[in-house]
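S.K.: Sending over coords.cif (mmCIF, N, CA and C atoms and all ligand atoms).
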```cif
data_run
loop_
_atom_site.label_atom_id
_atom_site.label_comp_id
_atom_site.auth_asym_id
_atom_site.auth_seq_id
_atom_site.Cartn_x
_atom_site.Cartn_y
_atom_site.Cartn_z
N MET O 1 -24.67 -0.56 -4.45
CA MET O 1 -23.72 -1.07 -5.45
C MET O 1 -24.48 -1.69 -6.63
N ASP O 2 -24.08 -1.25 -7.84
CA ASP O 2 -24.78 -1.74 -9.03
C ASP O 2 -24.10 -3.02 -9.55
N LYS O 3 -24.60 -4.15 -9.09
CA LYS O 3 -23.96 -5.43 -9.44
C LYS O 3 -24.10 -5.74 -10.93
N LYS O 4 -25.26 -5.41 -11.47
CA LYS O 4 -25.49 -5.69 -12.90
C LYS O 4 -24.51 -4.91 -13.78
N LYS O 5 -24.24 -3.66 -13.38
CA LYS O 5 -23.28 -2.83 -14.13
C LYS O 5 -21.89 -3.47 -14.09
N LEU O 6 -21.51 -3.95 -12.89
CA LEU O 6 -20.19 -4.58 -12.73
C LEU O 6 -20.09 -5.84 -13.61
N ILE O 7 -21.15 -6.63 -13.61
CA ILE O 7 -21.17 -7.84 -14.45
C ILE O 7 -21.10 -7.47 -15.93
N SER O 8 -21.85 -6.43 -16.30
CA SER O 8 -21.84 -6.05 -17.72
C SER O 8 -20.45 -5.55 -18.13
N GLU O 9 -19.75 -4.85 -17.24
CA GLU O 9 -18.38 -4.41 -17.54
C GLU O 9 -17.42 -5.61 -17.66
N ALA O 10 -17.64 -6.61 -16.81
CA ALA O 10 -16.80 -7.83 -16.88
C ALA O 10 -17.04 -8.56 -18.20
N LEU O 11 -18.30 -8.59 -18.65
CA LEU O 11 -18.62 -9.24 -19.93
C LEU O 11 -17.98 -8.52 -21.11
N ILE O 12 -17.91 -7.20 -21.02
CA ILE O 12 -17.26 -6.42 -22.09
C ILE O 12 -15.75 -6.71 -22.08
N ALA O 13 -15.16 -6.74 -20.86
CA ALA O 13 -13.72 -7.01 -20.72
C ALA O 13 -13.38 -8.41 -21.23
N GLN O 14 -14.28 -9.36 -20.99
CA GLN O 14 -14.03 -10.75 -21.42
C GLN O 14 -13.77 -10.82 -22.93
N LYS O 15 -14.43 -9.95 -23.67
CA LYS O 15 -14.26 -9.96 -25.14
C LYS O 15 -12.83 -9.61 -25.55
N LYS O 16 -12.09 -8.95 -24.64
CA LYS O 16 -10.72 -8.53 -24.96
C LYS O 16 -9.70 -9.61 -24.61
N ALA O 17 -10.15 -10.72 -24.04
CA ALA O 17 -9.22 -11.77 -23.60
C ALA O 17 -8.27 -12.16 -24.74
N TYR O 18 -7.00 -12.30 -24.37
CA TYR O 18 -5.99 -12.76 -25.34
C TYR O 18 -5.63 -14.18 -24.93
N VAL O 19 -6.28 -15.15 -25.60
CA VAL O 19 -6.20 -16.54 -25.14
C VAL O 19 -5.93 -17.51 -26.29
N PRO O 20 -4.81 -17.32 -27.02
CA PRO O 20 -4.56 -18.20 -28.17
C PRO O 20 -4.31 -19.65 -27.78
N TYR O 21 -3.94 -19.91 -26.51
CA TYR O 21 -3.56 -21.28 -26.11
C TYR O 21 -4.73 -22.04 -25.47
N SER O 22 -5.34 -21.47 -24.46
CA SER O 22 -6.45 -22.18 -23.82
C SER O 22 -7.78 -21.93 -24.52
N LYS O 23 -7.90 -20.81 -25.20
CA LYS O 23 -9.18 -20.38 -25.80
C LYS O 23 -10.27 -20.23 -24.74
N PHE O 24 -9.86 -20.04 -23.48
CA PHE O 24 -10.81 -19.89 -22.38
C PHE O 24 -10.81 -18.42 -21.96
N ARG O 25 -11.91 -17.73 -22.23
CA ARG O 25 -11.95 -16.28 -22.01
C ARG O 25 -12.52 -15.93 -20.65
N VAL O 26 -11.83 -15.05 -19.94
CA VAL O 26 -12.29 -14.60 -18.63
C VAL O 26 -12.28 -13.06 -18.62
N GLY O 27 -13.28 -12.50 -17.96
CA GLY O 27 -13.33 -11.05 -17.78
C GLY O 27 -13.60 -10.73 -16.32
N ALA O 28 -13.09 -9.59 -15.86
CA ALA O 28 -13.33 -9.18 -14.48
C ALA O 28 -13.57 -7.69 -14.44
N ALA O 29 -14.37 -7.26 -13.48
CA ALA O 29 -14.57 -5.82 -13.25
C ALA O 29 -14.66 -5.63 -11.76
N LEU O 30 -13.89 -4.68 -11.26
CA LEU O 30 -13.89 -4.44 -9.80
C LEU O 30 -14.35 -3.02 -9.51
N LEU O 31 -14.88 -2.87 -8.29
CA LEU O 31 -15.34 -1.58 -7.81
C LEU O 31 -14.45 -1.19 -6.63
N THR O 32 -13.88 0.01 -6.72
CA THR O 32 -13.04 0.48 -5.62
C THR O 32 -13.91 1.14 -4.55
N GLU O 33 -13.30 1.44 -3.41
CA GLU O 33 -14.10 2.09 -2.35
C GLU O 33 -14.56 3.48 -2.77
N ASP O 34 -13.88 4.07 -3.78
CA ASP O 34 -14.31 5.38 -4.30
C ASP O 34 -15.28 5.23 -5.47
N ASP O 35 -15.81 4.01 -5.64
CA ASP O 35 -16.77 3.73 -6.70
C ASP O 35 -16.22 3.90 -8.11
N LYS O 36 -14.93 3.61 -8.26
CA LYS O 36 -14.36 3.60 -9.60
C LYS O 36 -14.30 2.15 -10.08
N ILE O 37 -14.53 1.94 -11.36
CA ILE O 37 -14.52 0.58 -11.92
C ILE O 37 -13.23 0.38 -12.72
N PHE O 38 -12.57 -0.76 -12.49
CA PHE O 38 -11.43 -1.17 -13.32
C PHE O 38 -11.77 -2.55 -13.88
N THR O 39 -11.40 -2.77 -15.13
CA THR O 39 -11.70 -4.06 -15.76
C THR O 39 -10.42 -4.77 -16.18
N GLY O 40 -10.53 -6.06 -16.44
CA GLY O 40 -9.37 -6.82 -16.92
C GLY O 40 -9.81 -8.08 -17.63
N CYS O 41 -8.91 -8.58 -18.47
CA CYS O 41 -9.15 -9.86 -19.15
C CYS O 41 -7.92 -10.73 -18.91
N ASN O 42 -8.03 -12.01 -19.20
CA ASN O 42 -6.84 -12.86 -19.10
C ASN O 42 -5.96 -12.67 -20.33
N ILE O 43 -4.67 -12.78 -20.08
CA ILE O 43 -3.66 -12.55 -21.13
C ILE O 43 -2.68 -13.71 -21.08
N GLU O 44 -2.62 -14.48 -22.16
CA GLU O 44 -1.76 -15.67 -22.18
C GLU O 44 -0.48 -15.42 -22.98
N ILE O 45 0.58 -16.08 -22.54
CA ILE O 45 1.91 -15.89 -23.12
C ILE O 45 2.41 -17.25 -23.60
N ALA O 46 3.11 -17.27 -24.72
CA ALA O 46 3.51 -18.53 -25.34
C ALA O 46 4.33 -19.42 -24.41
N SER O 47 5.11 -18.81 -23.51
CA SER O 47 5.88 -19.63 -22.57
C SER O 47 5.07 -19.93 -21.31
N TYR O 48 3.76 -19.71 -21.39
CA TYR O 48 2.72 -20.07 -20.40
C TYR O 48 2.81 -19.41 -19.03
N SER O 49 3.95 -19.53 -18.31
CA SER O 49 3.92 -19.11 -16.90
C SER O 49 3.67 -17.61 -16.69
N PRO O 50 4.04 -16.74 -17.62
CA PRO O 50 3.71 -15.32 -17.38
C PRO O 50 2.22 -14.99 -17.56
N THR O 51 1.42 -15.96 -17.97
CA THR O 51 -0.02 -15.74 -18.17
C THR O 51 -0.65 -15.06 -16.95
N LEU O 52 -1.52 -14.08 -17.23
CA LEU O 52 -2.15 -13.35 -16.13
C LEU O 52 -3.67 -13.53 -16.20
N CYS O 53 -4.25 -13.86 -15.05
CA CYS O 53 -5.71 -14.01 -14.97
C CYS O 53 -6.40 -12.65 -15.09
N ALA O 54 -7.65 -12.69 -15.48
CA ALA O 54 -8.45 -11.47 -15.65
C ALA O 54 -8.55 -10.67 -14.34
N GLU O 55 -8.73 -11.37 -13.23
CA GLU O 55 -8.90 -10.69 -11.94
C GLU O 55 -7.65 -9.90 -11.59
N ARG O 56 -6.49 -10.54 -11.80
CA ARG O 56 -5.24 -9.84 -11.44
C ARG O 56 -4.95 -8.70 -12.41
N THR O 57 -5.32 -8.86 -13.67
CA THR O 57 -5.16 -7.74 -14.60
C THR O 57 -5.93 -6.53 -14.08
N ALA O 58 -7.18 -6.75 -13.69
CA ALA O 58 -8.02 -5.64 -13.19
C ALA O 58 -7.44 -5.07 -11.89
N ILE O 59 -7.03 -5.93 -10.99
CA ILE O 59 -6.51 -5.46 -9.68
C ILE O 59 -5.21 -4.68 -9.88
N PHE O 60 -4.32 -5.18 -10.72
CA PHE O 60 -3.04 -4.50 -10.90
C PHE O 60 -3.24 -3.16 -11.63
N LYS O 61 -4.22 -3.11 -12.51
CA LYS O 61 -4.54 -1.82 -13.14
C LYS O 61 -4.98 -0.82 -12.07
N ALA O 62 -5.87 -1.26 -11.19
CA ALA O 62 -6.39 -0.35 -10.14
C ALA O 62 -5.27 0.10 -9.21
N VAL O 63 -4.47 -0.85 -8.73
CA VAL O 63 -3.42 -0.51 -7.76
C VAL O 63 -2.39 0.41 -8.40
N SER O 64 -2.07 0.16 -9.66
CA SER O 64 -1.06 0.99 -10.32
C SER O 64 -1.58 2.40 -10.61
N GLU O 65 -2.89 2.57 -10.51
CA GLU O 65 -3.46 3.92 -10.67
C GLU O 65 -3.75 4.56 -9.30
N GLY O 66 -3.36 3.85 -8.23
CA GLY O 66 -3.50 4.45 -6.88
C GLY O 66 -4.74 4.01 -6.12
N TYR O 67 -5.48 3.03 -6.64
CA TYR O 67 -6.71 2.56 -5.96
C TYR O 67 -6.43 1.21 -5.32
N ARG O 68 -6.37 1.20 -3.99
CA ARG O 68 -5.93 0.00 -3.28
C ARG O 68 -7.02 -0.73 -2.52
N ASN O 69 -8.23 -0.19 -2.55
CA ASN O 69 -9.30 -0.82 -1.76
C ASN O 69 -10.45 -1.28 -2.64
N ILE O 70 -10.60 -2.61 -2.69
CA ILE O 70 -11.62 -3.21 -3.54
C ILE O 70 -12.85 -3.54 -2.71
N LYS O 71 -14.01 -3.05 -3.19
CA LYS O 71 -15.29 -3.32 -2.52
C LYS O 71 -15.94 -4.57 -3.09
N ALA O 72 -15.80 -4.74 -4.39
CA ALA O 72 -16.44 -5.88 -5.06
C ALA O 72 -15.70 -6.19 -6.34
N ILE O 73 -15.79 -7.46 -6.75
CA ILE O 73 -15.21 -7.84 -8.05
C ILE O 73 -16.14 -8.86 -8.70
N ALA O 74 -16.44 -8.62 -9.96
CA ALA O 74 -17.28 -9.55 -10.72
C ALA O 74 -16.39 -10.33 -11.69
N VAL O 75 -16.66 -11.61 -11.82
CA VAL O 75 -15.86 -12.48 -12.70
C VAL O 75 -16.80 -13.24 -13.63
N VAL O 76 -16.46 -13.24 -14.92
CA VAL O 76 -17.21 -14.06 -15.88
C VAL O 76 -16.21 -14.87 -16.69
N GLY O 77 -16.59 -16.08 -17.05
CA GLY O 77 -15.68 -16.93 -17.82
C GLY O 77 -16.44 -17.84 -18.75
N ASP O 78 -15.71 -18.66 -19.48
CA ASP O 78 -16.34 -19.53 -20.47
C ASP O 78 -16.96 -20.79 -19.87
N SER O 79 -16.73 -21.04 -18.58
CA SER O 79 -17.39 -22.20 -17.96
C SER O 79 -18.63 -21.71 -17.21
N ASP O 80 -19.48 -22.66 -16.82
CA ASP O 80 -20.66 -22.32 -16.04
C ASP O 80 -20.16 -21.89 -14.66
N PHE O 81 -20.31 -20.63 -14.30
CA PHE O 81 -19.77 -20.04 -13.07
C PHE O 81 -18.25 -20.28 -12.94
N THR O 82 -17.50 -19.33 -13.41
CA THR O 82 -16.03 -19.42 -13.35
C THR O 82 -15.55 -18.76 -12.05
N TYR O 83 -15.00 -19.57 -11.17
CA TYR O 83 -14.54 -19.07 -9.86
C TYR O 83 -13.07 -18.64 -9.97
N PRO O 84 -12.68 -17.64 -9.18
CA PRO O 84 -11.28 -17.19 -9.22
C PRO O 84 -10.32 -18.28 -8.75
N CYS O 85 -9.16 -18.35 -9.39
CA CYS O 85 -8.16 -19.35 -8.98
C CYS O 85 -7.60 -18.96 -7.61
N GLY O 86 -6.85 -19.87 -7.01
CA GLY O 86 -6.31 -19.65 -5.67
C GLY O 86 -5.39 -18.44 -5.59
N VAL O 87 -4.58 -18.25 -6.63
CA VAL O 87 -3.65 -17.12 -6.62
C VAL O 87 -4.44 -15.81 -6.63
N CYS O 88 -5.47 -15.74 -7.46
CA CYS O 88 -6.27 -14.51 -7.51
C CYS O 88 -7.01 -14.27 -6.20
N ARG O 89 -7.46 -15.33 -5.54
CA ARG O 89 -8.11 -15.15 -4.23
C ARG O 89 -7.16 -14.48 -3.26
N GLN O 90 -5.90 -14.90 -3.29
CA GLN O 90 -4.91 -14.31 -2.39
C GLN O 90 -4.64 -12.85 -2.75
N VAL O 91 -4.64 -12.54 -4.03
CA VAL O 91 -4.40 -11.15 -4.45
C VAL O 91 -5.61 -10.27 -4.06
N ILE O 92 -6.81 -10.82 -4.19
CA ILE O 92 -8.00 -10.08 -3.73
C ILE O 92 -7.88 -9.84 -2.22
N ARG O 93 -7.39 -10.83 -1.50
CA ARG O 93 -7.21 -10.72 -0.05
C ARG O 93 -6.34 -9.52 0.33
N GLU O 94 -5.33 -9.27 -0.48
CA GLU O 94 -4.40 -8.16 -0.21
C GLU O 94 -5.10 -6.80 -0.28
N PHE O 95 -6.01 -6.65 -1.24
CA PHE O 95 -6.60 -5.33 -1.49
C PHE O 95 -8.11 -5.28 -1.21
N GLY O 96 -8.68 -6.41 -0.75
CA GLY O 96 -10.14 -6.40 -0.53
C GLY O 96 -10.55 -7.46 0.47
N LYS O 97 -10.06 -7.31 1.69
CA LYS O 97 -10.34 -8.31 2.74
C LYS O 97 -11.84 -8.56 2.90
N ASP O 98 -12.64 -7.49 2.75
CA ASP O 98 -14.09 -7.63 2.94
C ASP O 98 -14.85 -7.58 1.61
N ALA O 99 -14.13 -7.85 0.53
CA ALA O 99 -14.75 -7.71 -0.80
C ALA O 99 -15.87 -8.73 -1.03
N ILE O 100 -16.83 -8.29 -1.83
CA ILE O 100 -17.88 -9.18 -2.33
C ILE O 100 -17.40 -9.70 -3.68
N ILE O 101 -17.48 -11.02 -3.86
CA ILE O 101 -17.04 -11.60 -5.13
C ILE O 101 -18.28 -12.12 -5.86
N ILE O 102 -18.48 -11.57 -7.04
CA ILE O 102 -19.67 -11.92 -7.82
C ILE O 102 -19.24 -12.83 -8.96
N ILE O 103 -19.77 -14.03 -8.95
CA ILE O 103 -19.43 -15.01 -10.00
C ILE O 103 -20.65 -15.09 -10.91
N ALA O 104 -20.47 -14.69 -12.15
CA ALA O 104 -21.65 -14.52 -12.99
C ALA O 104 -21.59 -15.29 -14.30
N ASN O 105 -22.75 -15.77 -14.70
CA ASN O 105 -22.92 -16.27 -16.07
C ASN O 105 -23.49 -15.16 -16.95
N SER O 106 -24.32 -14.32 -16.31
CA SER O 106 -24.93 -13.19 -17.03
C SER O 106 -25.38 -12.18 -15.97
N GLU O 107 -25.92 -11.07 -16.42
CA GLU O 107 -26.41 -10.04 -15.48
C GLU O 107 -27.54 -10.57 -14.60
N GLU O 108 -28.24 -11.59 -15.10
CA GLU O 108 -29.38 -12.13 -14.34
C GLU O 108 -29.00 -13.36 -13.52
N ASP O 109 -27.94 -14.02 -13.93
CA ASP O 109 -27.59 -15.31 -13.33
C ASP O 109 -26.23 -15.21 -12.65
N TYR O 110 -26.25 -14.91 -11.36
CA TYR O 110 -24.98 -14.76 -10.64
C TYR O 110 -25.10 -15.22 -9.19
N ARG O 111 -23.94 -15.50 -8.61
CA ARG O 111 -23.85 -15.87 -7.19
C ARG O 111 -22.89 -14.90 -6.54
N GLU O 112 -23.08 -14.65 -5.25
CA GLU O 112 -22.10 -13.77 -4.60
C GLU O 112 -21.61 -14.35 -3.28
N TYR O 113 -20.38 -14.05 -2.99
CA TYR O 113 -19.69 -14.58 -1.81
C TYR O 113 -18.88 -13.46 -1.17
N ARG O 114 -18.61 -13.62 0.10
CA ARG O 114 -17.59 -12.77 0.73
C ARG O 114 -16.25 -13.46 0.50
N LEU O 115 -15.18 -12.66 0.46
CA LEU O 115 -13.86 -13.26 0.21
C LEU O 115 -13.57 -14.37 1.22
N ASP O 116 -13.92 -14.15 2.48
CA ASP O 116 -13.55 -15.16 3.49
C ASP O 116 -14.29 -16.48 3.31
N GLU O 117 -15.35 -16.50 2.51
CA GLU O 117 -15.99 -17.78 2.19
C GLU O 117 -15.16 -18.54 1.16
N LEU O 118 -14.52 -17.79 0.26
CA LEU O 118 -13.72 -18.44 -0.80
C LEU O 118 -12.27 -18.67 -0.36
N LEU O 119 -11.85 -17.91 0.67
CA LEU O 119 -10.47 -18.05 1.16
C LEU O 119 -10.49 -17.97 2.69
N PRO O 120 -10.96 -19.05 3.33
CA PRO O 120 -11.04 -19.01 4.80
C PRO O 120 -9.65 -19.12 5.44
N PHE O 121 -9.56 -18.68 6.68
CA PHE O 121 -8.31 -18.76 7.46
C PHE O 121 -7.14 -18.19 6.64
N SER O 122 -7.35 -17.04 6.05
CA SER O 122 -6.35 -16.51 5.13
C SER O 122 -5.21 -15.81 5.85
N PHE O 123 -4.14 -15.66 5.13
CA PHE O 123 -2.98 -14.90 5.60
C PHE O 123 -2.96 -13.58 4.83
N GLY O 124 -2.71 -12.49 5.56
CA GLY O 124 -2.70 -11.19 4.89
C GLY O 124 -1.77 -10.20 5.56
N PRO O 125 -1.79 -8.97 5.10
CA PRO O 125 -0.85 -7.95 5.60
C PRO O 125 -0.87 -7.79 7.11
N GLU O 126 -2.07 -7.89 7.72
CA GLU O 126 -2.18 -7.69 9.18
C GLU O 126 -1.38 -8.74 9.94
N ASN O 127 -1.29 -9.93 9.40
CA ASN O 127 -0.58 -11.01 10.10
C ASN O 127 0.90 -10.71 10.24
N LEU O 128 1.44 -10.05 9.24
CA LEU O 128 2.86 -9.68 9.32
C LEU O 128 3.08 -8.69 10.45
N ASP O 129 2.12 -7.75 10.62
CA ASP O 129 2.23 -6.77 11.70
C ASP O 129 2.16 -7.47 13.06
N GLU O 130 1.16 -8.39 13.18
CA GLU O 130 1.01 -9.15 14.44
C GLU O 130 2.30 -9.87 14.79
N ASP O 131 2.85 -10.56 13.78
CA ASP O 131 4.05 -11.36 14.02
C ASP O 131 5.23 -10.51 14.42
N LYS O 132 5.25 -9.29 13.89
CA LYS O 132 6.36 -8.39 14.21
C LYS O 132 6.39 -8.14 15.71
N GLU O 133 5.17 -7.86 16.28
CA GLU O 133 5.10 -7.61 17.73
C GLU O 133 5.56 -8.84 18.50
N ARG O 134 5.02 -9.99 18.09
CA ARG O 134 5.35 -11.23 18.80
C ARG O 134 6.84 -11.54 18.75
N ARG O 135 7.45 -11.23 17.61
CA ARG O 135 8.87 -11.54 17.42
C ARG O 135 9.76 -10.43 17.95
N ASN O 136 9.11 -9.35 18.42
CA ASN O 136 9.86 -8.25 19.02
C ASN O 136 10.83 -7.59 18.04
N VAL O 137 10.35 -7.37 16.81
CA VAL O 137 11.25 -6.70 15.84
C VAL O 137 10.71 -5.32 15.46
N1 LIG S 201 -8.16 -17.74 -15.67
C1 LIG S 201 -8.53 -16.50 -15.27
O1 LIG S 201 -8.35 -15.51 -15.99
N2 LIG S 201 -9.10 -16.37 -14.05
C2 LIG S 201 -9.34 -17.41 -13.21
O2 LIG S 201 -9.69 -17.19 -12.07
C3 LIG S 201 -9.21 -18.78 -13.71
C4 LIG S 201 -8.30 -18.93 -14.86
C5 LIG S 201 -7.53 -17.88 -17.00
C6 LIG S 201 -6.06 -18.19 -16.97
C7 LIG S 201 -5.87 -18.83 -18.33
O3 LIG S 201 -5.67 -17.81 -19.29
C8 LIG S 201 -7.21 -19.49 -18.62
O4 LIG S 201 -8.13 -18.92 -17.72
C9 LIG S 201 -7.19 -20.99 -18.44
O5 LIG S 201 -6.69 -21.34 -17.21
#
```
How does the structure come out when it is put into structure tokens?
Ligand code: THU
M.R.:
Amino acid sequence: MDKKKLISEALIAQKKAYVPYSKFRVGAALLTEDDKIFTGCNIEIASYSPTLCAERTAIFKAVSEGYRNIKAIAVVGDSDFTYPCGVCRQVIREFGKDAIIIIANSEEDYREYRLDELLPFSFGPENLDEDKERRNV
């Protein structure tokens, strides 16, 4: 897996951020199990709550194109090491239980985690199946 390429794609996506309110730019680039890259930036809306994080923009682009399995996702932001918010961690959980999450300042300066380090004891699609058996439905 070319981590530097993923980070460089996230840095390019970050430039597209639409952030008139926070002025905080975030970019993300994910790698699917078929080695396809999807990118995303954060998009802010004047009434605030519809605002979408960069990670979810990239994930929803991938899923809507038929790619549901994420191997890795790189995130870059305007702070020193921008970590994904809780909502994005849960969305990554849905499509990338074993994903590697790369938090980068640059192609040379990055940290990597497994999703379960950032979202331990998580709830996901498999739990609904388990519960179905237990509940006899
Ligand atoms: N943001 C992201 O895009 N990803 C994150 O994981 C953290 C937060 C965005 C949302 C909002 O546009 C701005 O950063 C400030 O919260």
S.K.: Using all atoms listed in the file, can you tell me which of O:Asp2, O:Glu55, O:Glu130, O:Asp35 comes closest to Cys88 (chain O)?
M.R.: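 Selected residue with least distance to Cys88 (chain O): O:Glu55.
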S.K.: List all protein, DNA and RNA residues that have at least one atom no more than 6.5 Å from any atom of ligand LIG 201 (chain S), counting all atoms listed in the file, and write them as a PDB file with N, CA and C atoms, in the frame of the given file.
M.R.:
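Everything below was put into part.pdb:
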```pdb
ATOM      1  N   VAL O  19      -6.280 -15.150 -25.600  1.00  0.00           N
ATOM      2  CA  VAL O  19      -6.200 -16.540 -25.140  1.00  0.00           C
ATOM      3  C   VAL O  19      -5.930 -17.510 -26.290  1.00  0.00           C
ATOM      4  N   SER O  22      -5.340 -21.470 -24.460  1.00  0.00           N
ATOM      5  CA  SER O  22      -6.450 -22.180 -23.820  1.00  0.00           C
ATOM      6  C   SER O  22      -7.780 -21.930 -24.520  1.00  0.00           C
ATOM      7  N   PHE O  24      -9.860 -20.040 -23.480  1.00  0.00           N
ATOM      8  CA  PHE O  24     -10.810 -19.890 -22.380  1.00  0.00           C
ATOM      9  C   PHE O  24     -10.810 -18.420 -21.960  1.00  0.00           C
ATOM     10  N   ARG O  25     -11.910 -17.730 -22.230  1.00  0.00           N
ATOM     11  CA  ARG O  25     -11.950 -16.280 -22.010  1.00  0.00           C
ATOM     12  C   ARG O  25     -12.520 -15.930 -20.650  1.00  0.00           C
ATOM     13  N   VAL O  26     -11.830 -15.050 -19.940  1.00  0.00           N
ATOM     14  CA  VAL O  26     -12.290 -14.600 -18.630  1.00  0.00           C
ATOM     15  C   VAL O  26     -12.280 -13.060 -18.620  1.00  0.00           C
ATOM     16  N   GLY O  27     -13.280 -12.500 -17.960  1.00  0.00           N
ATOM     17  CA  GLY O  27     -13.330 -11.050 -17.780  1.00  0.00           C
ATOM     18  C   GLY O  27     -13.600 -10.730 -16.320  1.00  0.00           C
ATOM     19  N   CYS O  41      -8.910  -8.580 -18.470  1.00  0.00           N
ATOM     20  CA  CYS O  41      -9.150  -9.860 -19.150  1.00  0.00           C
ATOM     21  C   CYS O  41      -7.920 -10.730 -18.910  1.00  0.00           C
ATOM     22  N   ASN O  42      -8.030 -12.010 -19.200  1.00  0.00           N
ATOM     23  CA  ASN O  42      -6.840 -12.860 -19.100  1.00  0.00           C
ATOM     24  C   ASN O  42      -5.960 -12.670 -20.330  1.00  0.00           C
ATOM     25  N   ILE O  43      -4.670 -12.780 -20.080  1.00  0.00           N
ATOM     26  CA  ILE O  43      -3.660 -12.550 -21.130  1.00  0.00           C
ATOM     27  C   ILE O  43      -2.680 -13.710 -21.080  1.00  0.00           C
ATOM     28  N   GLU O  44      -2.620 -14.480 -22.160  1.00  0.00           N
ATOM     29  CA  GLU O  44      -1.760 -15.670 -22.180  1.00  0.00           C
ATOM     30  C   GLU O  44      -0.480 -15.420 -22.980  1.00  0.00           C
ATOM     31  N   THR O  51       1.420 -15.960 -17.970  1.00  0.00           N
ATOM     32  CA  THR O  51      -0.020 -15.740 -18.170  1.00  0.00           C
ATOM     33  C   THR O  51      -0.650 -15.060 -16.950  1.00  0.00           C
ATOM     34  N   LEU O  52      -1.520 -14.080 -17.230  1.00  0.00           N
ATOM     35  CA  LEU O  52      -2.150 -13.350 -16.130  1.00  0.00           C
ATOM     36  C   LEU O  52      -3.670 -13.530 -16.200  1.00  0.00           C
ATOM     37  N   CYS O  53      -4.250 -13.860 -15.050  1.00  0.00           N
ATOM     38  CA  CYS O  53      -5.710 -14.010 -14.970  1.00  0.00           C
ATOM     39  C   CYS O  53      -6.400 -12.650 -15.090  1.00  0.00           C
ATOM     40  N   ALA O  54      -7.650 -12.690 -15.480  1.00  0.00           N
ATOM     41  CA  ALA O  54      -8.450 -11.470 -15.650  1.00  0.00           C
ATOM     42  C   ALA O  54      -8.550 -10.670 -14.340  1.00  0.00           C
ATOM     43  N   GLU O  55      -8.730 -11.370 -13.230  1.00  0.00           N
ATOM     44  CA  GLU O  55      -8.900 -10.690 -11.940  1.00  0.00           C
ATOM     45  C   GLU O  55      -7.650  -9.900 -11.590  1.00  0.00           C
ATOM     46  N   THR O  82     -17.500 -19.330 -13.410  1.00  0.00           N
ATOM     47  CA  THR O  82     -16.030 -19.420 -13.350  1.00  0.00           C
ATOM     48  C   THR O  82     -15.550 -18.760 -12.050  1.00  0.00           C
ATOM     49  N   TYR O  83     -15.000 -19.570 -11.170  1.00  0.00           N
ATOM     50  CA  TYR O  83     -14.540 -19.070  -9.860  1.00  0.00           C
ATOM     51  C   TYR O  83     -13.070 -18.640  -9.970  1.00  0.00           C
ATOM     52  N   PRO O  84     -12.680 -17.640  -9.180  1.00  0.00           N
ATOM     53  CA  PRO O  84     -11.280 -17.190  -9.220  1.00  0.00           C
ATOM     54  C   PRO O  84     -10.320 -18.280  -8.750  1.00  0.00           C
ATOM     55  N   CYS O  85      -9.160 -18.350  -9.390  1.00  0.00           N
ATOM     56  CA  CYS O  85      -8.160 -19.350  -8.980  1.00  0.00           C
ATOM     57  C   CYS O  85      -7.600 -18.960  -7.610  1.00  0.00           C
ATOM     58  N   GLY O  86      -6.850 -19.870  -7.010  1.00  0.00           N
ATOM     59  CA  GLY O  86      -6.310 -19.650  -5.670  1.00  0.00           C
ATOM     60  C   GLY O  86      -5.390 -18.440  -5.590  1.00  0.00           C
ATOM     61  N   CYS O  88      -5.470 -15.740  -7.460  1.00  0.00           N
ATOM     62  CA  CYS O  88      -6.270 -14.510  -7.510  1.00  0.00           C
ATOM     63  C   CYS O  88      -7.010 -14.270  -6.200  1.00  0.00           C
TER      64      CYS O  88
END
```
S.K.: Apply DSSP to the structure's backbone, then extract all residues of chain O labelled alpha helix (DSSP H) and return them as a ChimeraX atom specification.
M.R.: /O:3-14,54-64,86-95,115-118,125-135
S.K.: Please extract the residues of region 21-116 of chain O with a backbone DSSP assignment of strand (DSSP E or B) and present them as a PyMOL selection string.
M.R.: chain O and resi 26-32+37-41+43+52+70-77+100-104+110-114
S.K.: For a quick check of understanding, using only N, CA and C atoms, which of O:Leu6, O:Ile70, O:Pro20, O:Tyr48 has the smallest distance to Thr32 (chain O)?
M.R.: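 Answer, going by the shortest atom-to-atom distance: O:Ile70.
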S.K.: Rounded to one decimal in Å, what is the spacing between atom N of Ile100 (chain O) and CA of Gln14 (chain O)?
M.R.: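 Computed distance, atom N of Ile100 (chain O) to CA of Gln14 (chain O), equals 19.9 Å.
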S.K.: Any idea what's packed within 8 Å of region 108-119 of chain O, counting only N, CA and C atoms, ignoring anything in its chain fewer than 2 positions away? Could you give it as a PyMOL selection string?
M.R.: chain O and resi 4+81+89-90+92-93+96-106+121-123
S.K.: Using only C-alpha atoms, which of O:Glu65, O:Asp129, O:Glu94, O:Glu107 sits nearest Ile37 (chain O)?
M.R.: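 Answer, going by the shortest atom-to-atom distance: O:Glu65.
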S.K.: Using only C-alpha atoms, which residue out of O:Ala74, O:Ala58, O:Val63, O:Ala13 lies closest to Met1 (chain O)?
M.R.: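 Using only C-alpha atoms, Met1 (chain O) sits closest to O:Ala74.
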S.K.: Could you tell me which of O:Glu9, O:Tyr21, O:Asn127, O:Thr39 comes closest to Ala62 (chain O) if we count all atoms listed in the file?
M.R.: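 Under the stated criterion, the closest residue is O:Thr39.
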